[in-house]
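> Following this line is work_11.cif, made up of mmCIF, N, CA and C atoms:
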data_my_file
loop_
_atom_site.label_atom_id
_atom_site.label_comp_id
_atom_site.auth_asym_id
_atom_site.auth_seq_id
_atom_site.Cartn_x
_atom_site.Cartn_y
_atom_site.Cartn_z
N MET X 176 85.82 67.54 130.41
CA MET X 176 87.11 66.87 130.32
C MET X 176 88.11 67.60 131.22
N THR X 177 89.10 66.86 131.68
CA THR X 177 90.16 67.47 132.47
C THR X 177 91.15 68.15 131.55
N VAL X 178 92.07 68.92 132.14
CA VAL X 178 93.14 69.55 131.38
C VAL X 178 93.93 68.46 130.65
N TYR X 179 94.30 67.42 131.37
CA TYR X 179 95.07 66.32 130.79
C TYR X 179 94.33 65.69 129.62
N ASP X 180 93.05 65.38 129.81
CA ASP X 180 92.27 64.74 128.74
C ASP X 180 92.16 65.63 127.51
N SER X 181 92.02 66.93 127.74
CA SER X 181 91.89 67.88 126.63
C SER X 181 93.16 67.89 125.78
N ILE X 182 94.30 67.83 126.43
CA ILE X 182 95.57 67.82 125.71
C ILE X 182 95.82 66.45 125.10
N TRP X 183 95.50 65.41 125.82
CA TRP X 183 95.71 64.03 125.37
C TRP X 183 94.95 63.74 124.07
N ALA X 184 93.82 64.42 123.87
CA ALA X 184 93.00 64.16 122.67
C ALA X 184 93.75 64.50 121.38
N GLY X 185 94.65 65.47 121.41
CA GLY X 185 95.38 65.86 120.19
C GLY X 185 96.22 64.75 119.60
N PRO X 186 97.17 64.19 120.36
CA PRO X 186 98.00 63.12 119.80
C PRO X 186 97.21 61.88 119.42
N THR X 187 96.14 61.61 120.12
CA THR X 187 95.36 60.41 119.80
C THR X 187 94.52 60.60 118.55
N ALA X 188 94.37 61.85 118.11
CA ALA X 188 93.57 62.12 116.91
C ALA X 188 94.42 62.11 115.64
N ARG X 189 95.74 62.00 115.78
CA ARG X 189 96.59 61.94 114.59
C ARG X 189 96.25 60.69 113.79
N PRO X 190 96.36 60.77 112.46
CA PRO X 190 95.94 59.65 111.60
C PRO X 190 96.47 58.28 112.02
N ALA X 191 97.72 58.19 112.43
CA ALA X 191 98.26 56.88 112.80
C ALA X 191 97.61 56.33 114.06
N SER X 192 96.93 57.16 114.80
CA SER X 192 96.36 56.74 116.07
C SER X 192 94.96 56.16 115.97
N TRP X 193 94.33 56.27 114.83
CA TRP X 193 92.94 55.83 114.74
C TRP X 193 92.79 54.33 114.87
N ASN X 194 93.79 53.58 114.51
CA ASN X 194 93.72 52.13 114.62
C ASN X 194 94.07 51.73 116.06
N PRO X 195 93.12 51.18 116.83
CA PRO X 195 93.38 50.85 118.23
C PRO X 195 94.52 49.85 118.40
N VAL X 196 94.71 48.97 117.43
CA VAL X 196 95.77 47.97 117.53
C VAL X 196 97.14 48.64 117.37
N SER X 197 97.27 49.51 116.37
CA SER X 197 98.58 50.14 116.14
C SER X 197 98.87 51.24 117.16
N SER X 198 97.83 51.80 117.77
CA SER X 198 98.08 52.89 118.72
C SER X 198 98.35 52.39 120.13
N ALA X 199 98.08 51.12 120.40
CA ALA X 199 98.27 50.60 121.75
C ALA X 199 99.71 50.78 122.23
N HIS X 200 100.68 50.54 121.36
CA HIS X 200 102.09 50.68 121.76
C HIS X 200 102.49 52.14 121.92
N ARG X 201 101.68 53.07 121.42
CA ARG X 201 102.00 54.49 121.49
C ARG X 201 101.43 55.17 122.73
N LEU X 202 100.64 54.47 123.52
CA LEU X 202 99.99 55.10 124.65
C LEU X 202 100.99 55.73 125.63
N GLU X 203 102.07 55.04 125.91
CA GLU X 203 103.08 55.60 126.82
C GLU X 203 103.69 56.86 126.23
N GLN X 204 103.97 56.84 124.93
CA GLN X 204 104.53 58.02 124.27
C GLN X 204 103.53 59.18 124.32
N ILE X 205 102.29 58.90 124.08
CA ILE X 205 101.25 59.94 124.10
C ILE X 205 101.11 60.51 125.51
N GLU X 206 101.17 59.65 126.51
CA GLU X 206 101.10 60.12 127.89
C GLU X 206 102.29 61.03 128.23
N ARG X 207 103.49 60.65 127.77
CA ARG X 207 104.68 61.49 128.00
C ARG X 207 104.52 62.85 127.32
N GLU X 208 104.07 62.84 126.06
CA GLU X 208 103.87 64.09 125.32
C GLU X 208 102.86 64.98 126.04
N THR X 209 101.78 64.38 126.51
CA THR X 209 100.74 65.15 127.19
C THR X 209 101.28 65.79 128.45
N LEU X 210 102.03 65.03 129.25
CA LEU X 210 102.60 65.57 130.48
C LEU X 210 103.64 66.65 130.19
N GLU X 211 104.43 66.46 129.12
CA GLU X 211 105.41 67.48 128.73
C GLU X 211 104.73 68.79 128.36
N ILE X 212 103.62 68.71 127.65
CA ILE X 212 102.89 69.92 127.26
C ILE X 212 102.29 70.57 128.50
N CYS X 213 101.72 69.78 129.40
CA CYS X 213 101.19 70.34 130.65
C CYS X 213 102.26 71.12 131.40
N LYS X 214 103.45 70.55 131.46
CA LYS X 214 104.56 71.21 132.16
C LYS X 214 105.00 72.46 131.40
N LEU X 215 105.13 72.36 130.10
CA LEU X 215 105.60 73.46 129.27
C LEU X 215 104.71 74.70 129.40
N ILE X 216 103.42 74.49 129.46
CA ILE X 216 102.50 75.63 129.50
C ILE X 216 102.13 76.06 130.91
N GLY X 217 102.62 75.34 131.90
CA GLY X 217 102.38 75.75 133.28
C GLY X 217 101.08 75.25 133.88
N LEU X 218 100.50 74.22 133.31
CA LEU X 218 99.26 73.67 133.87
C LEU X 218 99.47 72.27 134.47
N GLU X 219 100.71 71.92 134.73
CA GLU X 219 101.01 70.59 135.26
C GLU X 219 100.27 70.32 136.58
N GLU X 220 100.22 71.31 137.45
CA GLU X 220 99.56 71.12 138.75
C GLU X 220 98.05 71.08 138.62
N LYS X 221 97.53 71.55 137.49
CA LYS X 221 96.08 71.58 137.28
C LYS X 221 95.62 70.51 136.30
N LYS X 222 96.48 69.55 135.98
CA LYS X 222 96.16 68.59 134.92
C LYS X 222 94.92 67.75 135.22
N ASN X 223 94.57 67.58 136.48
CA ASN X 223 93.40 66.76 136.82
C ASN X 223 92.14 67.59 137.06
N GLU X 224 92.25 68.89 136.90
CA GLU X 224 91.07 69.75 137.06
C GLU X 224 90.23 69.73 135.79
N LEU X 225 88.93 69.90 135.96
CA LEU X 225 88.06 70.02 134.80
C LEU X 225 88.36 71.35 134.11
N ALA X 226 88.44 71.32 132.81
CA ALA X 226 88.77 72.53 132.05
C ALA X 226 87.76 73.64 132.30
N VAL X 227 86.52 73.29 132.48
CA VAL X 227 85.45 74.27 132.70
C VAL X 227 85.65 75.03 134.02
N ASN X 228 86.40 74.46 134.96
CA ASN X 228 86.62 75.10 136.25
C ASN X 228 87.85 76.00 136.28
N LEU X 229 88.61 76.03 135.20
CA LEU X 229 89.81 76.87 135.14
C LEU X 229 89.43 78.33 134.99
N SER X 230 90.35 79.22 135.39
CA SER X 230 90.16 80.64 135.12
C SER X 230 90.16 80.84 133.61
N TYR X 231 89.63 81.96 133.17
CA TYR X 231 89.58 82.20 131.73
C TYR X 231 90.98 82.23 131.12
N GLY X 232 91.95 82.82 131.84
CA GLY X 232 93.33 82.84 131.36
C GLY X 232 93.90 81.44 131.20
N ASP X 233 93.65 80.58 132.18
CA ASP X 233 94.11 79.19 132.08
C ASP X 233 93.41 78.46 130.94
N GLN X 234 92.14 78.78 130.70
CA GLN X 234 91.44 78.17 129.58
C GLN X 234 92.09 78.57 128.25
N LYS X 235 92.52 79.84 128.16
CA LYS X 235 93.19 80.31 126.94
C LYS X 235 94.52 79.57 126.75
N VAL X 236 95.25 79.37 127.84
CA VAL X 236 96.51 78.63 127.77
C VAL X 236 96.24 77.18 127.40
N LEU X 237 95.17 76.62 127.92
CA LEU X 237 94.79 75.24 127.56
C LEU X 237 94.49 75.14 126.07
N GLU X 238 93.85 76.13 125.51
CA GLU X 238 93.59 76.13 124.06
C GLU X 238 94.90 76.07 123.28
N ILE X 239 95.89 76.82 123.73
CA ILE X 239 97.20 76.79 123.09
C ILE X 239 97.80 75.40 123.23
N ALA X 240 97.69 74.81 124.40
CA ALA X 240 98.21 73.47 124.64
C ALA X 240 97.54 72.44 123.75
N MET X 241 96.24 72.58 123.57
CA MET X 241 95.52 71.64 122.70
C MET X 241 96.03 71.75 121.26
N ALA X 242 96.30 72.97 120.82
CA ALA X 242 96.86 73.15 119.48
C ALA X 242 98.26 72.54 119.41
N LEU X 243 99.06 72.72 120.45
CA LEU X 243 100.41 72.16 120.48
C LEU X 243 100.40 70.64 120.41
N SER X 244 99.40 70.04 121.00
CA SER X 244 99.36 68.58 121.07
C SER X 244 99.23 67.93 119.69
N THR X 245 98.85 68.71 118.69
CA THR X 245 98.74 68.17 117.34
C THR X 245 100.05 68.29 116.57
N LYS X 246 101.08 68.82 117.24
CA LYS X 246 102.42 69.01 116.66
C LYS X 246 102.39 69.84 115.38
N PRO X 247 101.91 71.07 115.48
CA PRO X 247 101.87 71.91 114.27
C PRO X 247 103.27 72.36 113.87
N SER X 248 103.48 72.61 112.58
CA SER X 248 104.77 73.16 112.14
C SER X 248 104.80 74.66 112.36
N VAL X 249 103.64 75.30 112.35
CA VAL X 249 103.49 76.72 112.64
C VAL X 249 102.28 76.86 113.55
N LEU X 250 102.43 77.62 114.62
CA LEU X 250 101.32 77.83 115.54
C LEU X 250 100.67 79.17 115.23
N LEU X 251 99.39 79.15 114.91
CA LEU X 251 98.65 80.36 114.60
C LEU X 251 97.81 80.74 115.81
N LEU X 252 98.03 81.95 116.33
CA LEU X 252 97.29 82.39 117.51
C LEU X 252 96.50 83.64 117.16
N ASP X 253 95.20 83.56 117.35
CA ASP X 253 94.32 84.68 117.05
C ASP X 253 93.87 85.32 118.36
N GLU X 254 94.45 86.44 118.71
CA GLU X 254 94.14 87.21 119.91
C GLU X 254 94.10 86.34 121.18
N PRO X 255 95.23 85.74 121.53
CA PRO X 255 95.24 84.85 122.69
C PRO X 255 94.98 85.56 124.02
N THR X 256 95.15 86.88 124.08
CA THR X 256 94.92 87.60 125.34
C THR X 256 93.57 88.31 125.39
N GLN X 257 92.75 88.12 124.38
CA GLN X 257 91.46 88.79 124.35
C GLN X 257 90.59 88.32 125.52
N GLY X 258 90.03 89.28 126.24
CA GLY X 258 89.11 88.97 127.32
C GLY X 258 89.76 88.67 128.66
N VAL X 259 91.08 88.70 128.72
CA VAL X 259 91.75 88.47 130.00
C VAL X 259 92.51 89.74 130.37
N GLY X 260 92.86 89.86 131.62
CA GLY X 260 93.56 91.06 132.05
C GLY X 260 94.68 90.76 133.02
N GLY X 261 95.49 91.78 133.24
CA GLY X 261 96.53 91.74 134.27
C GLY X 261 97.45 90.55 134.25
N LYS X 262 97.43 89.81 135.35
CA LYS X 262 98.34 88.69 135.54
C LYS X 262 98.11 87.59 134.51
N GLU X 263 96.87 87.42 134.09
CA GLU X 263 96.58 86.38 133.10
C GLU X 263 97.20 86.72 131.75
N VAL X 264 97.20 88.01 131.37
CA VAL X 264 97.88 88.43 130.13
C VAL X 264 99.36 88.11 130.25
N ASP X 265 99.95 88.45 131.39
CA ASP X 265 101.38 88.17 131.61
C ASP X 265 101.67 86.68 131.50
N MET X 266 100.78 85.85 132.05
CA MET X 266 100.96 84.40 131.99
C MET X 266 100.93 83.91 130.53
N ILE X 267 99.97 84.40 129.77
CA ILE X 267 99.86 84.00 128.37
C ILE X 267 101.08 84.47 127.58
N VAL X 268 101.52 85.69 127.83
CA VAL X 268 102.71 86.22 127.15
C VAL X 268 103.92 85.34 127.45
N GLU X 269 104.09 84.94 128.70
CA GLU X 269 105.22 84.09 129.06
C GLU X 269 105.16 82.73 128.36
N VAL X 270 103.97 82.16 128.27
CA VAL X 270 103.80 80.88 127.57
C VAL X 270 104.18 81.05 126.09
N VAL X 271 103.68 82.10 125.46
CA VAL X 271 103.96 82.32 124.03
C VAL X 271 105.45 82.58 123.82
N LYS X 272 106.08 83.33 124.70
CA LYS X 272 107.53 83.57 124.61
C LYS X 272 108.29 82.25 124.65
N LYS X 273 107.92 81.41 125.59
CA LYS X 273 108.58 80.11 125.73
C LYS X 273 108.40 79.27 124.47
N LEU X 274 107.20 79.29 123.91
CA LEU X 274 106.93 78.50 122.71
C LEU X 274 107.66 79.06 121.50
N SER X 275 107.83 80.38 121.46
CA SER X 275 108.47 81.01 120.30
C SER X 275 109.94 80.61 120.18
N GLU X 276 110.52 80.12 121.26
CA GLU X 276 111.90 79.62 121.21
C GLU X 276 111.97 78.26 120.52
N LYS X 277 110.84 77.59 120.43
CA LYS X 277 110.79 76.23 119.89
C LYS X 277 110.13 76.13 118.53
N MET X 278 109.35 77.16 118.16
CA MET X 278 108.59 77.04 116.92
C MET X 278 108.22 78.41 116.37
N THR X 279 107.78 78.42 115.13
CA THR X 279 107.31 79.64 114.50
C THR X 279 105.88 79.90 114.94
N ILE X 280 105.61 81.15 115.31
CA ILE X 280 104.26 81.53 115.74
C ILE X 280 103.81 82.72 114.91
N VAL X 281 102.60 82.63 114.38
CA VAL X 281 101.96 83.76 113.72
C VAL X 281 100.89 84.24 114.69
N LEU X 282 100.98 85.53 115.06
CA LEU X 282 100.12 86.08 116.09
C LEU X 282 99.26 87.19 115.53
N ILE X 283 97.98 87.11 115.77
CA ILE X 283 97.07 88.22 115.49
C ILE X 283 96.70 88.77 116.86
N GLU X 284 97.01 90.03 117.07
CA GLU X 284 96.79 90.63 118.39
C GLU X 284 96.55 92.12 118.25
N HIS X 285 95.57 92.64 118.98
CA HIS X 285 95.24 94.05 118.91
C HIS X 285 95.86 94.85 120.05
N THR X 286 96.33 94.19 121.08
CA THR X 286 96.93 94.88 122.22
C THR X 286 98.40 95.14 121.92
N ILE X 287 98.74 96.40 121.69
CA ILE X 287 100.08 96.75 121.24
C ILE X 287 101.15 96.37 122.25
N ASP X 288 100.86 96.44 123.54
CA ASP X 288 101.85 96.04 124.55
C ASP X 288 102.22 94.56 124.39
N VAL X 289 101.24 93.73 124.11
CA VAL X 289 101.48 92.31 123.91
C VAL X 289 102.31 92.10 122.64
N VAL X 290 101.95 92.81 121.58
CA VAL X 290 102.68 92.72 120.31
C VAL X 290 104.14 93.07 120.53
N MET X 291 104.39 94.17 121.23
CA MET X 291 105.76 94.63 121.43
C MET X 291 106.57 93.66 122.28
N GLN X 292 105.93 92.96 123.19
CA GLN X 292 106.64 91.98 124.02
C GLN X 292 106.98 90.71 123.26
N LEU X 293 106.17 90.36 122.28
CA LEU X 293 106.29 89.05 121.66
C LEU X 293 106.89 89.03 120.26
N CYS X 294 106.73 90.08 119.51
CA CYS X 294 107.00 90.00 118.07
C CYS X 294 108.35 90.57 117.66
N LYS X 295 109.01 89.84 116.77
CA LYS X 295 110.24 90.32 116.15
C LYS X 295 109.92 91.05 114.86
N THR X 296 108.93 90.57 114.15
CA THR X 296 108.48 91.17 112.91
C THR X 296 107.00 91.48 113.03
N VAL X 297 106.62 92.69 112.63
CA VAL X 297 105.23 93.09 112.73
C VAL X 297 104.74 93.53 111.36
N THR X 298 103.60 93.01 110.95
CA THR X 298 102.93 93.45 109.74
C THR X 298 101.58 93.99 110.15
N VAL X 299 101.30 95.20 109.73
CA VAL X 299 100.05 95.84 110.11
C VAL X 299 99.12 95.88 108.90
N LEU X 300 97.93 95.36 109.09
CA LEU X 300 96.90 95.42 108.05
C LEU X 300 95.84 96.39 108.53
N THR X 301 95.47 97.29 107.67
CA THR X 301 94.41 98.23 108.02
C THR X 301 93.30 98.10 107.01
N GLU X 302 92.23 98.76 107.29
CA GLU X 302 91.10 98.76 106.37
C GLU X 302 91.54 99.26 105.00
N ASP X 303 92.43 100.25 104.98
CA ASP X 303 92.93 100.81 103.73
C ASP X 303 93.66 99.78 102.88
N THR X 304 94.24 98.79 103.53
CA THR X 304 95.00 97.76 102.82
C THR X 304 94.13 97.04 101.81
N PHE X 305 92.87 96.90 102.11
CA PHE X 305 91.98 96.09 101.30
C PHE X 305 91.05 96.90 100.38
N LEU X 306 91.04 98.19 100.55
CA LEU X 306 90.16 99.03 99.74
C LEU X 306 90.86 99.45 98.44
N PRO X 307 90.14 99.43 97.32
CA PRO X 307 90.76 99.89 96.08
C PRO X 307 91.05 101.39 96.18
N LYS X 308 92.18 101.77 95.63
CA LYS X 308 92.57 103.19 95.65
C LYS X 308 91.84 103.92 94.55
N ALA X 309 91.31 105.08 94.92
CA ALA X 309 90.64 105.93 93.93
C ALA X 309 91.70 106.65 93.11
N HIS X 310 91.56 106.62 91.83
CA HIS X 310 92.51 107.32 90.94
C HIS X 310 91.95 108.68 90.56
N PRO X 311 92.72 109.73 90.77
CA PRO X 311 92.23 111.06 90.37
C PRO X 311 92.16 111.14 88.86
N LYS X 312 91.16 111.86 88.36
CA LYS X 312 91.00 111.95 86.90
C LYS X 312 91.69 113.17 86.36
#
Can you dump the structure from the file as structure tokens?

Amino acid sequence: MTVYDSIWAGPTARPASWNPVSSAHRLEQIERETLEICKLIGLEEKKNELAVNLSYGDQKVLEIAMALSTKPSVLLLDEPTQGVGGKEVDMIVEVVKKLSEKMTIVLIEHTIDVVMQLCKTVTVLTEDTFLPKAHPK
């Protein structure tokens, strides 16, 4: 699938869209939403490329875009920069910063530099958090 098709699938999968008769009038709206998301995440120029041909960083951004297309009330991101480096991390951080101005984001991330750039509130869970405490006798 192309970048555009991958993002377009989200709005068309919403419950009101399953009926082809009722969704016909929404096609223009869905196309606008899809193009807006492409622009928002910085993949507008790559919208006709096959997703499989994108760099790994762009694929990670596309995953975020696909989640956005479902109009979540809270966006949950689990290690969005894992496996990418350098400029691609910076690109993902910029996308997440832009999105954080528009919505609540819960981020799981192990790279402290990324956490410090993105997070206003940080909660740290460690192995100790989940282990029962031994009581001295």
> DSSP on the backbone: which residues in stretch 194-301 of chain X end up as alpha helix (DSSP H)? Give the answer as a PyMOL selection string.
chain X and resi 195-198+202-216+231-243+262-275+287-293
> Keeping only N, CA and C atoms, take the residues you just selected and write them out as a short mmCIF file (atom, residue, chain, number, x, y, z; two decimals), in the coordinates of the input.

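So result_25.cif came out as:
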data_model
loop_
_atom_site.label_atom_id
_atom_site.label_comp_id
_atom_site.auth_asym_id
_atom_site.auth_seq_id
_atom_site.Cartn_x
_atom_site.Cartn_y
_atom_site.Cartn_z
N PRO X 195 93.12 51.18 116.83
CA PRO X 195 93.38 50.85 118.23
C PRO X 195 94.52 49.85 118.40
N VAL X 196 94.71 48.97 117.43
CA VAL X 196 95.77 47.97 117.53
C VAL X 196 97.14 48.64 117.37
N SER X 197 97.27 49.51 116.37
CA SER X 197 98.58 50.14 116.14
C SER X 197 98.87 51.24 117.16
N SER X 198 97.83 51.80 117.77
CA SER X 198 98.08 52.89 118.72
C SER X 198 98.35 52.39 120.13
N LEU X 202 100.64 54.47 123.52
CA LEU X 202 99.99 55.10 124.65
C LEU X 202 100.99 55.73 125.63
N GLU X 203 102.07 55.04 125.91
CA GLU X 203 103.08 55.60 126.82
C GLU X 203 103.69 56.86 126.23
N GLN X 204 103.97 56.84 124.93
CA GLN X 204 104.53 58.02 124.27
C GLN X 204 103.53 59.18 124.32
N ILE X 205 102.29 58.90 124.08
CA ILE X 205 101.25 59.94 124.10
C ILE X 205 101.11 60.51 125.51
N GLU X 206 101.17 59.65 126.51
CA GLU X 206 101.10 60.12 127.89
C GLU X 206 102.29 61.03 128.23
N ARG X 207 103.49 60.65 127.77
CA ARG X 207 104.68 61.49 128.00
C ARG X 207 104.52 62.85 127.32
N GLU X 208 104.07 62.84 126.06
CA GLU X 208 103.87 64.09 125.32
C GLU X 208 102.86 64.98 126.04
N THR X 209 101.78 64.38 126.51
CA THR X 209 100.74 65.15 127.19
C THR X 209 101.28 65.79 128.45
N LEU X 210 102.03 65.03 129.25
CA LEU X 210 102.60 65.57 130.48
C LEU X 210 103.64 66.65 130.19
N GLU X 211 104.43 66.46 129.12
CA GLU X 211 105.41 67.48 128.73
C GLU X 211 104.73 68.79 128.36
N ILE X 212 103.62 68.71 127.65
CA ILE X 212 102.89 69.92 127.26
C ILE X 212 102.29 70.57 128.50
N CYS X 213 101.72 69.78 129.40
CA CYS X 213 101.19 70.34 130.65
C CYS X 213 102.26 71.12 131.40
N LYS X 214 103.45 70.55 131.46
CA LYS X 214 104.56 71.21 132.16
C LYS X 214 105.00 72.46 131.40
N LEU X 215 105.13 72.36 130.10
CA LEU X 215 105.60 73.46 129.27
C LEU X 215 104.71 74.70 129.40
N ILE X 216 103.42 74.49 129.46
CA ILE X 216 102.50 75.63 129.50
C ILE X 216 102.13 76.06 130.91
N TYR X 231 89.63 81.96 133.17
CA TYR X 231 89.58 82.20 131.73
C TYR X 231 90.98 82.23 131.12
N GLY X 232 91.95 82.82 131.84
CA GLY X 232 93.33 82.84 131.36
C GLY X 232 93.90 81.44 131.20
N ASP X 233 93.65 80.58 132.18
CA ASP X 233 94.11 79.19 132.08
C ASP X 233 93.41 78.46 130.94
N GLN X 234 92.14 78.78 130.70
CA GLN X 234 91.44 78.17 129.58
C GLN X 234 92.09 78.57 128.25
N LYS X 235 92.52 79.84 128.16
CA LYS X 235 93.19 80.31 126.94
C LYS X 235 94.52 79.57 126.75
N VAL X 236 95.25 79.37 127.84
CA VAL X 236 96.51 78.63 127.77
C VAL X 236 96.24 77.18 127.40
N LEU X 237 95.17 76.62 127.92
CA LEU X 237 94.79 75.24 127.56
C LEU X 237 94.49 75.14 126.07
N GLU X 238 93.85 76.13 125.51
CA GLU X 238 93.59 76.13 124.06
C GLU X 238 94.90 76.07 123.28
N ILE X 239 95.89 76.82 123.73
CA ILE X 239 97.20 76.79 123.09
C ILE X 239 97.80 75.40 123.23
N ALA X 240 97.69 74.81 124.40
CA ALA X 240 98.21 73.47 124.64
C ALA X 240 97.54 72.44 123.75
N MET X 241 96.24 72.58 123.57
CA MET X 241 95.52 71.64 122.70
C MET X 241 96.03 71.75 121.26
N ALA X 242 96.30 72.97 120.82
CA ALA X 242 96.86 73.15 119.48
C ALA X 242 98.26 72.54 119.41
N LEU X 243 99.06 72.72 120.45
CA LEU X 243 100.41 72.16 120.48
C LEU X 243 100.40 70.64 120.41
N LYS X 262 97.43 89.81 135.35
CA LYS X 262 98.34 88.69 135.54
C LYS X 262 98.11 87.59 134.51
N GLU X 263 96.87 87.42 134.09
CA GLU X 263 96.58 86.38 133.10
C GLU X 263 97.20 86.72 131.75
N VAL X 264 97.20 88.01 131.37
CA VAL X 264 97.88 88.43 130.13
C VAL X 264 99.36 88.11 130.25
N ASP X 265 99.95 88.45 131.39
CA ASP X 265 101.38 88.17 131.61
C ASP X 265 101.67 86.68 131.50
N MET X 266 100.78 85.85 132.05
CA MET X 266 100.96 84.40 131.99
C MET X 266 100.93 83.91 130.53
N ILE X 267 99.97 84.40 129.77
CA ILE X 267 99.86 84.00 128.37
C ILE X 267 101.08 84.47 127.58
N VAL X 268 101.52 85.69 127.83
CA VAL X 268 102.71 86.22 127.15
C VAL X 268 103.92 85.34 127.45
N GLU X 269 104.09 84.94 128.70
CA GLU X 269 105.22 84.09 129.06
C GLU X 269 105.16 82.73 128.36
N VAL X 270 103.97 82.16 128.27
CA VAL X 270 103.80 80.88 127.57
C VAL X 270 104.18 81.05 126.09
N VAL X 271 103.68 82.10 125.46
CA VAL X 271 103.96 82.32 124.03
C VAL X 271 105.45 82.58 123.82
N LYS X 272 106.08 83.33 124.70
CA LYS X 272 107.53 83.57 124.61
C LYS X 272 108.29 82.25 124.65
N LYS X 273 107.92 81.41 125.59
CA LYS X 273 108.58 80.11 125.73
C LYS X 273 108.40 79.27 124.47
N LEU X 274 107.20 79.29 123.91
CA LEU X 274 106.93 78.50 122.71
C LEU X 274 107.66 79.06 121.50
N SER X 275 107.83 80.38 121.46
CA SER X 275 108.47 81.01 120.30
C SER X 275 109.94 80.61 120.18
N ILE X 287 98.74 96.40 121.69
CA ILE X 287 100.08 96.75 121.24
C ILE X 287 101.15 96.37 122.25
N ASP X 288 100.86 96.44 123.54
CA ASP X 288 101.85 96.04 124.55
C ASP X 288 102.22 94.56 124.39
N VAL X 289 101.24 93.73 124.11
CA VAL X 289 101.48 92.31 123.91
C VAL X 289 102.31 92.10 122.64
N VAL X 290 101.95 92.81 121.58
CA VAL X 290 102.68 92.72 120.31
C VAL X 290 104.14 93.07 120.53
N MET X 291 104.39 94.17 121.23
CA MET X 291 105.76 94.63 121.43
C MET X 291 106.57 93.66 122.28
N GLN X 292 105.93 92.96 123.19
CA GLN X 292 106.64 91.98 124.02
C GLN X 292 106.98 90.71 123.26
N LEU X 293 106.17 90.36 122.28
CA LEU X 293 106.29 89.05 121.66
C LEU X 293 106.89 89.03 120.26
#
> Could you tell me how far atom C of X:Met278 lies from atom C of X:Ile212, in Å and to one decimal?
15.6 Å
> Skipping near chain neighbours, those fewer than 3 positions away, what residues fall within 6.5 Å of X:Leu251 using only N, CA and C atoms, listed as JSON, numbers by chain?
{"X": [280, 281, 282, 283]}
> Of the residues X:Lys277, X:His285, X:Lys222, X:Lys272, which is the one nearest to X:Pro255, using all atoms listed in the file?
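Answer, going by the shortest atom-to-atom distance: X:His285.
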> Rounded to one decimal place, report the atom CA of X:Val264-atom CA of X:Glu276 distance in Å.
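According to the coordinates, atom CA of X:Val264 and atom CA of X:Glu276 are separated by 18.8 Å.
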> Expand the PyMOL selection byres ((chain X and resi 182-187) around 8) into the explicit residue set it covers here, and present it as an NGL selection string.
:X and (176-181 or 188-193 or 205-206 or 208-210 or 212-213 or 237 or 240-246)
> What is the distance between atom C of X:Glu238 and atom N of X:Gln292, in Å to one decimal?
20.2 Å
